[in-house]
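Enquirer: The following block contains the structure, expressed as structure tokens.
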Amino acid sequence: MAEVVQRVGVKKESGYLYYLGKDGNVWRSKMARAGKGGGNAEKVADAGVSRQSGYLYYIDKNGDVSRSPMARGR
């Protein structure tokens, strides 16, 4: 089960990939499409999240930072 780590409330735009960066903040990058490159990462919000090993961190549909335990060793 997923748990919300930090409530940020980022409004997602179509065509962008939203993720939690190594610095613990929310970033977005333009998604690559056929013939066009992606990239140009920009910081969207300050979250200040410190990661724990064994968890997958992501931006959920509400725009908050959530985490789920990684499925390993099946």
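How things are named: the first chain in the structure tokens is A, the next is B, and so on; residues count from 1 in each chain; ligands count from 1 in the order shown.
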I'd like the neighbourhood of segment 50-67 of chain A as a list in words, where a residue qualifies if any of its atoms comes within 7 Å (using only C-alpha atoms), though same-chain residues fewer than 3 positions away should be ignored.

Expert: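 Using only C-alpha atoms, the neighbours found are Ala2, Glu3, Val4, Val5, Gln6, Arg7, Val8, Gly9, Val10, Lys11, Lys12, Tyr18, Tyr19, Leu20, Gly24 and Met70 of chain A.
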
Enquirer: Can you pull out every residue within 12 Å of Glu13 of chain A, counting only C-alpha atoms, but drop anything in the same chain fewer than 6 positions away, and send it as a VMD selection string?

Expert: chain A and resid 28 to 31 44 61 63

Enquirer: Take the residues from that selection and put them in a file with C-alpha atoms, as a CSV table (one decimal), in the first residue's frame.

Expert:
chain,number,residue,atom,x,y,z
A,28,ARG,CA,9.5,17.8,-14.3
A,29,SER,CA,10.9,17.1,-17.7
A,30,LYS,CA,9.4,17.4,-21.2
A,31,MET,CA,8.6,13.9,-22.4
A,44,VAL,CA,8.4,22.6,-9.7
A,61,LYS,CA,-2.5,11.7,-9.0
A,63,GLY,CA,0.3,15.9,-6.9

Enquirer: Extract, using only C-alpha atoms, all DNA, RNA and protein residues at most 7 Å from Ala45 of chain A, discarding same-chain residues fewer than 2 positions from it, and format them as a list in words.

Expert: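 Those residues are Asn25, Val26, Lys43 and Ala47 of chain A.
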
Enquirer: Let's see if you can do this: from backbone DSSP, list all strand (DSSP E) residues in segment 5-36 of chain A, as a PDB file with N, CA and C atoms, in the first residue's frame.

Expert:
ATOM      1  N   VAL A   5       3.922  10.852   1.710  1.00  0.00           N
ATOM      2  CA  VAL A   5       5.062  11.287   2.503  1.00  0.00           C
ATOM      3  C   VAL A   5       5.005  12.792   2.734  1.00  0.00           C
ATOM      4  N   GLN A   6       4.703  13.549   1.669  1.00  0.00           N
ATOM      5  CA  GLN A   6       4.662  15.007   1.755  1.00  0.00           C
ATOM      6  C   GLN A   6       3.538  15.527   0.871  1.00  0.00           C
ATOM      7  N   TYR A  16       4.431  16.206 -19.666  1.00  0.00           N
ATOM      8  CA  TYR A  16       5.567  16.304 -18.756  1.00  0.00           C
ATOM      9  C   TYR A  16       5.647  15.082 -17.858  1.00  0.00           C
ATOM     10  N   LEU A  17       6.859  14.711 -17.500  1.00  0.00           N
ATOM     11  CA  LEU A  17       7.113  13.625 -16.560  1.00  0.00           C
ATOM     12  C   LEU A  17       7.494  14.259 -15.229  1.00  0.00           C
ATOM     13  N   TYR A  18       6.753  13.953 -14.183  1.00  0.00           N
ATOM     14  CA  TYR A  18       6.995  14.511 -12.851  1.00  0.00           C
ATOM     15  C   TYR A  18       7.656  13.449 -11.983  1.00  0.00           C
ATOM     16  N   TYR A  19       8.694  13.845 -11.238  1.00  0.00           N
ATOM     17  CA  TYR A  19       9.437  12.885 -10.422  1.00  0.00           C
ATOM     18  C   TYR A  19      10.075  13.575  -9.225  1.00  0.00           C
ATOM     19  N   LEU A  20      10.505  12.765  -8.262  1.00  0.00           N
ATOM     20  CA  LEU A  20      11.202  13.246  -7.074  1.00  0.00           C
ATOM     21  C   LEU A  20      12.693  13.164  -7.355  1.00  0.00           C
ATOM     22  N   VAL A  26      10.452  18.171  -6.085  1.00  0.00           N
ATOM     23  CA  VAL A  26       9.680  17.714  -7.238  1.00  0.00           C
ATOM     24  C   VAL A  26      10.179  18.430  -8.491  1.00  0.00           C
ATOM     25  N   TRP A  27      10.485  17.640  -9.527  1.00  0.00           N
ATOM     26  CA  TRP A  27      10.992  18.152 -10.800  1.00  0.00           C
ATOM     27  C   TRP A  27      10.090  17.658 -11.918  1.00  0.00           C
ATOM     28  N   ARG A  28      10.190  18.322 -13.081  1.00  0.00           N
ATOM     29  CA  ARG A  28       9.481  17.848 -14.261  1.00  0.00           C
ATOM     30  C   ARG A  28      10.381  18.010 -15.487  1.00  0.00           C
ATOM     31  N   SER A  29      10.184  17.102 -16.451  1.00  0.00           N
ATOM     32  CA  SER A  29      10.912  17.137 -17.718  1.00  0.00           C
ATOM     33  C   SER A  29       9.926  16.912 -18.844  1.00  0.00           C
ATOM     34  N   LYS A  30      10.200  17.541 -19.960  1.00  0.00           N
ATOM     35  CA  LYS A  30       9.366  17.357 -21.150  1.00  0.00           C
ATOM     36  C   LYS A  30       9.558  15.930 -21.651  1.00  0.00           C
TER      37      LYS A  30
END

Enquirer: Can you work out the spacing between atom CA of Ala71 of chain A and atom CA of Gly48 of chain A in Å, to one decimal?

Expert: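 Taking atom CA of Ala71 of chain A as the start and atom CA of Gly48 of chain A as the end point, the length is 25.1 Å.
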
Enquirer: Might you pull out every residue within 12 Å of Arg33 of chain A, with only C-alpha atoms counted and same-chain residues fewer than 5 positions away left off, and present them as a ChimeraX atom specification?

Expert: /A:15-16,38-39

Enquirer: Generate a file of the selected residues that holds C-alpha atoms, formatted as a tab-separated table (two decimals), in the first residue's frame.

Expert:
chain	number	residue	atom	x	y	z
A	15	GLY	CA	3.33	16.11	-21.84
A	16	TYR	CA	5.57	16.30	-18.76
A	38	GLY	CA	12.84	15.56	-24.11
A	39	GLY	CA	14.76	16.99	-21.21
